[in-house]
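Working notes, structure below.
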Amino acid sequence: MDLDALRHGNFSKLGEAITDWEQMTKKLADLQKDAESNLKSKADKADWVGVNASVSREFITKTAAEFADAHTQANSIAKILSDTRGELIGYRTQLNEAIARGTQQNMTVIDTGEGTFTVTGNTRPDWASDPSGKTRAADQKAVNALREEIEGILTKATQSDNSAAKALRLIVDQAKYGFSDASYSDRDSAAKAVAAAEKLAAMAKKPSDMSLTDIANFNRTMEKYKADPLFAEQFAKSLGAKGTLQFWTEMTSAHAGARGSELETMKSLQQNLGLTLATASFSDSDAMQHWKKDLVAERNTNFVAANSPNPVGALGSQVISSLMRKGVYDTEFLDAYREKLFKADKGAGDTGTNDLWVKGYDSLDLVFGDGNGRDPIEGLFRGLSHNPEAAVHAFESKSDLDHMLGTIRYTDRDTSLGHALEAAVTGVPAGESTSAALPHSEKQVGIMGNIMNAVAQPDGGAELVTKGMGESFGHMTAAYMPEISIAMAGKGAESIFVTDSAAPDGLNKGDVTRFLYEVARDDNGRAAIIYGENIYTSSVLEAHITNPSLYDGETSDAIRTVAENAGIIEGIVGHSIADADIESSTKAEKDYNDALKKQGDFFKTVLSTGVGVGAVALVPATPAGALTGAVAGGFFGGVSGMAVDRLMEGKEIDGALDDALYRTGQDLNSAQESALQQTQWSTIDAMNAHNSDLKEDATRNLIREALNSGWSRSDQILEDIHARPSA
């Protein structure tokens with residue numbers, strides 16, 4: 001910064017700009033509030049159908065988010081500008097005071113352009129009377145001191161100005177269209193984030209120089225800034241795509257076989273590095289666009305650690321995917337990367353994928369404490385499980401879905417595929433929850449239908465449930481209980497089985513039946529189905545009892561239909577277990593009891609904290625507030641919560657059987673009685689909670705007749721659609 005530019009700087013124009021930005025921030029805050037509480041809130045409650053259920057709702061949701069980002073960006077810009085202006089005014093004051101002191105001491109400061117200046121001592125009469133030159137030397141010392149002081153002021157002012165400019169450019173470049181969500185309270189915090197990124201990138205370029213202490217410090221800094229957009233972008237682009245992959249290759253090689261505290265440090269580093277790169281992937285700046293393209297282009301490059309005697313290292317895709325296991329990566333980036341990997345994977349065929357990625361990489365271990373990272377598809381699935389939008393893109397092609405399902409017989413990617421499919425069909429990222437049941441789009445229902453169709457195939461479909469997919473299939477079933485209920489009940493039941501699905505009748509009854517039958521063979525799958533059905537049944541019963549106008553007819557007719565459908569679904573599950581001829585052993589019972597406990601904990605947590613992956617079957621508060629009474633009555637943790645409690649803890653049946661509900665799935669009669677009791681209890685709970693004028697005895701009898709009828713029907717439905725041992 002030129003001396004005169006700071007010395008005579010007029011910051012009034014900058015002050016006016018800051019005022020404009022502050023006013024804009026206030027206006028955008030109002031718009032953000034209106035968009036969230038009015039626009040988005042109404043869209044969430046609207047009874048969307050067809051294209052509107054997916055396109056219009058998604059557009060409004062993204063528009064509301066853009067207002068939030070616009071406010072965040074404007075607020076950050078205003079604060080950085082204001083902070084920088086205050087700093088520069090402070091430096092100008094310091095500079096003018098220093099020059100004034102120099103003038104009083106007979107020194108002259110002159111700006112010589114391009115950031116340079118001179119400080120000279122004026123000729124004084126007493127120099128001639130001092131032949132020793134001590135006076136002149138003392139004056140020169142003062143000149144040097146003043147020069148150093150001014151240099152220090154100008155250096156700080158330049159740093160303030162440059163760092164502010166860099167931060168503002170980075171913020172603006174983050175989003176090619178729309179606005180950035182990068183939030184900073186002042187220039188200093190933004191500058192520190194950028195400086196920290198540059199320091200870490202410099203360290204990562206020389207991984208062999210990093211001691212365990214250096215790595216620990218590196219990791220602590222990354223832990224602090226992993227969600228900071230400016231830090232993440234600056235780190236990624238400073239290191240470069242190839243440098244990023246080489247860094248992780250070196251780390252995994254140098255610390256292979258880590259134990260104890262070293263292992264914990266490396267696990268934490270992998271997570272923080274992955275989360276940082278995930279944050280960086282959302283930047284649309286030109287530099288990051290090139291970084292993402294370069295990263296995908298390196299997928300077939302052989303990365304070898306500097307000290308490795310083996311010329312065969314790790315494929316770029318193996319390194320990339322090992323860092324994708326945590327964090328939400330940008331959809332477009334995941335789409336581009338997934339397209340390349342899927343194409344290669346399909347080229348090897350279902351049986352050849354393990355040989356394609358794993359064979360020949362026996363010594364490779366890119367993941368600390370969780371697998372080995374040799375199969376890049378497995379890591380990609382982990383990434384997709386955190387981004388439902390990208391997961392939908394990945395599996396909307398039936399050809400791709402069928403191939404990936406087919407490969408689980410020959411690979412270890414089944415659990416990660418299950419989590420990715422859960423995210424795709426429910427819209428909820430793995431391990432997260434949402435405050436309201438998310439509507440299913442036509443694409444999501446289509447994917448769910450294709451999954452059911454694959455499992456329903458008589459020539460091997462059942463094998464898809466034998467590995468780590470059973471639990472995920474169970475969660476998906478729970479999430480699609482409204483659509484499943486409509487499929488089983490048939491046309492005309494849409495107003496009884498409440499849903500805001502864009503394709504409520506999008507599932508095939510035959511596929512649904514076979515799917516339920518096969519998934520029920522898995523302990524966790526069966527337990528999730530039971531919980532999902534009971535949660536949905538109790539919720540929809542409460543909805544109709546609370547708001548009789550929901551169904552244009554007698555409430556008792558709606559209750560009868562719901563109970564009969566519960567009998568059909570639970571009957572299919574019960575007959576599946578009976579047909580399997582499971583040995584009535586202590587271990588078999590313990591395995592199922594353990595599954596009930598595990599899934600019960602999952603669904604109970606979901607009910608208490610929000611709607612999660614396996615529980616979006618909870619009745620949505622639509623159409624347009626139709627279920628307001630039920631929500632006000634607390635059915636999110638009320639009747640459905642009591643249903644889960646009974647399933648987990650058990651309750652005496654008829655005052656005689658001291659056994660928990662559904663504890664012994666081998667006994668078909670016991671399972672039927674459990675289903676009946678649970679449905680009756682949920683109905684009576686809802687009637688008591690909302691002071692219903694329905695007659696209790698008549699309602700119990702109605703449910704008995706309807707559920708038993710549905711249970712009997714389930715046997716015939718299975719005879720028509722599935723080969724049975726009794727046939």
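Simple scheme: letters A, B, ... for chains in structure tokens order, numbers from 1 for residues in each chain, numbers from 1 for ligands in the order shown.
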
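Using only C-alpha atoms, the protein and nucleic acid residues lying no more than 8 Å from Val367 in chain A, apart from those fewer than 4 places from it along its own chain, are Thr252, Lys267, Gln270, Ser322, Gly371, Asn372 and Gly373 of chain A.
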
Just C-alpha atoms for this one: save the residues we selected as a short mmCIF file (atom, residue, chain, number, x, y, z; two decimals), in the first residue's frame.
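Now in again-v6.cif:
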```cif
data_model
loop_
_atom_site.label_atom_id
_atom_site.label_comp_id
_atom_site.auth_asym_id
_atom_site.auth_seq_id
_atom_site.Cartn_x
_atom_site.Cartn_y
_atom_site.Cartn_z
CA THR A 252 -1.89 -44.20 4.92
CA LYS A 267 -8.98 -41.90 12.16
CA GLN A 270 -9.25 -39.01 7.81
CA SER A 322 -11.73 -43.52 1.05
CA GLY A 371 -12.55 -51.61 6.20
CA ASN A 372 -9.64 -51.14 3.83
CA GLY A 373 -10.96 -48.80 1.12
#
```

Q. If you count only C-alpha atoms, which residues fall within 9 Å of range 237-247 of chain A, apart from same-chain ones fewer than 3 positions away, as a VMD selection string?
A. chain A and resid 197 to 198 200 to 202 204 to 207 232 to 234 250 to 252 280 287 to 288 290 to 296 298 303 to 305 316 319 to 320

Q: Show which residues sit within 12 Å of range 715-720 of chain A, as a PyMOL selection string. Count only C-alpha atoms, and ignore same-chain residues fewer than 2 positions away.
A: chain A and resi 488-489+509-518+567-576+578-579+668+708-713+722-727

Q.
Need to verify the contact set: Arg560 in chain A, 8 Å, only C-alpha atoms, exclusion of same-chain residues closer than 4 positions in sequence. Can you return it as a PyMOL selection string?
A. chain A and resi 556+564+702-703+706-707

(Q) For Ala227 in chain A, find every residue with an atom within 9 Å (counting only C-alpha atoms), except residues of its own chain fewer than 3 positions away, and show them as a PyMOL selection string. (A) chain A and resi 222-224+231-232+275-276+278-280

Write the selection just made, keeping N, CA and C atoms, as a CSV table (one decimal), in the first residue's frame?
```
chain,number,residue,atom,x,y,z
A,222,MET,N,-7.5,-28.5,11.3
A,222,MET,CA,-8.5,-28.9,10.3
A,222,MET,C,-9.9,-29.2,11.0
A,223,GLU,N,-9.8,-29.7,12.3
A,223,GLU,CA,-11.0,-29.9,13.1
A,223,GLU,C,-11.7,-28.6,13.3
A,224,LYS,N,-11.0,-27.6,13.5
A,224,LYS,CA,-11.5,-26.3,13.8
A,224,LYS,C,-12.2,-25.6,12.6
A,231,PHE,N,-11.7,-21.6,4.1
A,231,PHE,CA,-10.6,-22.5,4.5
A,231,PHE,C,-10.5,-23.7,3.6
A,232,ALA,N,-11.7,-24.4,3.4
A,232,ALA,CA,-11.8,-25.6,2.7
A,232,ALA,C,-11.3,-25.4,1.2
A,275,LEU,N,-14.3,-34.3,5.6
A,275,LEU,CA,-15.3,-33.3,5.8
A,275,LEU,C,-14.8,-31.9,5.2
A,276,THR,N,-13.5,-31.7,5.3
A,276,THR,CA,-13.0,-30.4,4.7
A,276,THR,C,-13.2,-30.4,3.1
A,278,ALA,N,-15.3,-32.2,1.5
A,278,ALA,CA,-16.8,-32.1,1.2
A,278,ALA,C,-17.2,-30.7,1.2
A,279,THR,N,-16.8,-29.9,2.2
A,279,THR,CA,-17.1,-28.5,2.2
A,279,THR,C,-16.6,-27.8,1.0
A,280,ALA,N,-15.3,-28.1,0.6
A,280,ALA,CA,-14.7,-27.4,-0.6
A,280,ALA,C,-15.5,-27.7,-1.8
```

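Per DSSP on the backbone, strand (DSSP E) in range 63-302 of chain A comprises A:Met107, A:Thr108, A:Val109, A:Ile110, A:Asp111, A:Thr112, A:Gly113, A:Thr116, A:Phe117, A:Thr118, A:Val119, A:Thr120, A:Gly121, A:Asn302.
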
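For the choices A:Glu16, A:Asp161, A:Asp523, A:Glu151, the atom-to-atom distance to Lys590 in chain A is smallest for A:Asp523 when using only C-alpha atoms.
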
Q: Looking only at alpha helix (DSSP H) from DSSP on the backbone, list the matching residues of range 473-527 of chain A as number ranges by chain.
A: A: 473-479, 481-489, 509-519, 523-527

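For the pair CA of Lys443 in chain A and CA of Glu396 in chain A, the separation is 6.6 Å.
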
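For the set A:Met469, A:Asn122, A:Ser441, A:Ala456, the residue with the smallest atom-to-atom gap to Leu421 in chain A is A:Met469, counting only C-alpha atoms.
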
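Comparing A:Leu341, A:Leu273, A:Leu95, A:Ala190 by their smallest distance to Arg220 in chain A, the closest is A:Leu273 (using only C-alpha atoms).
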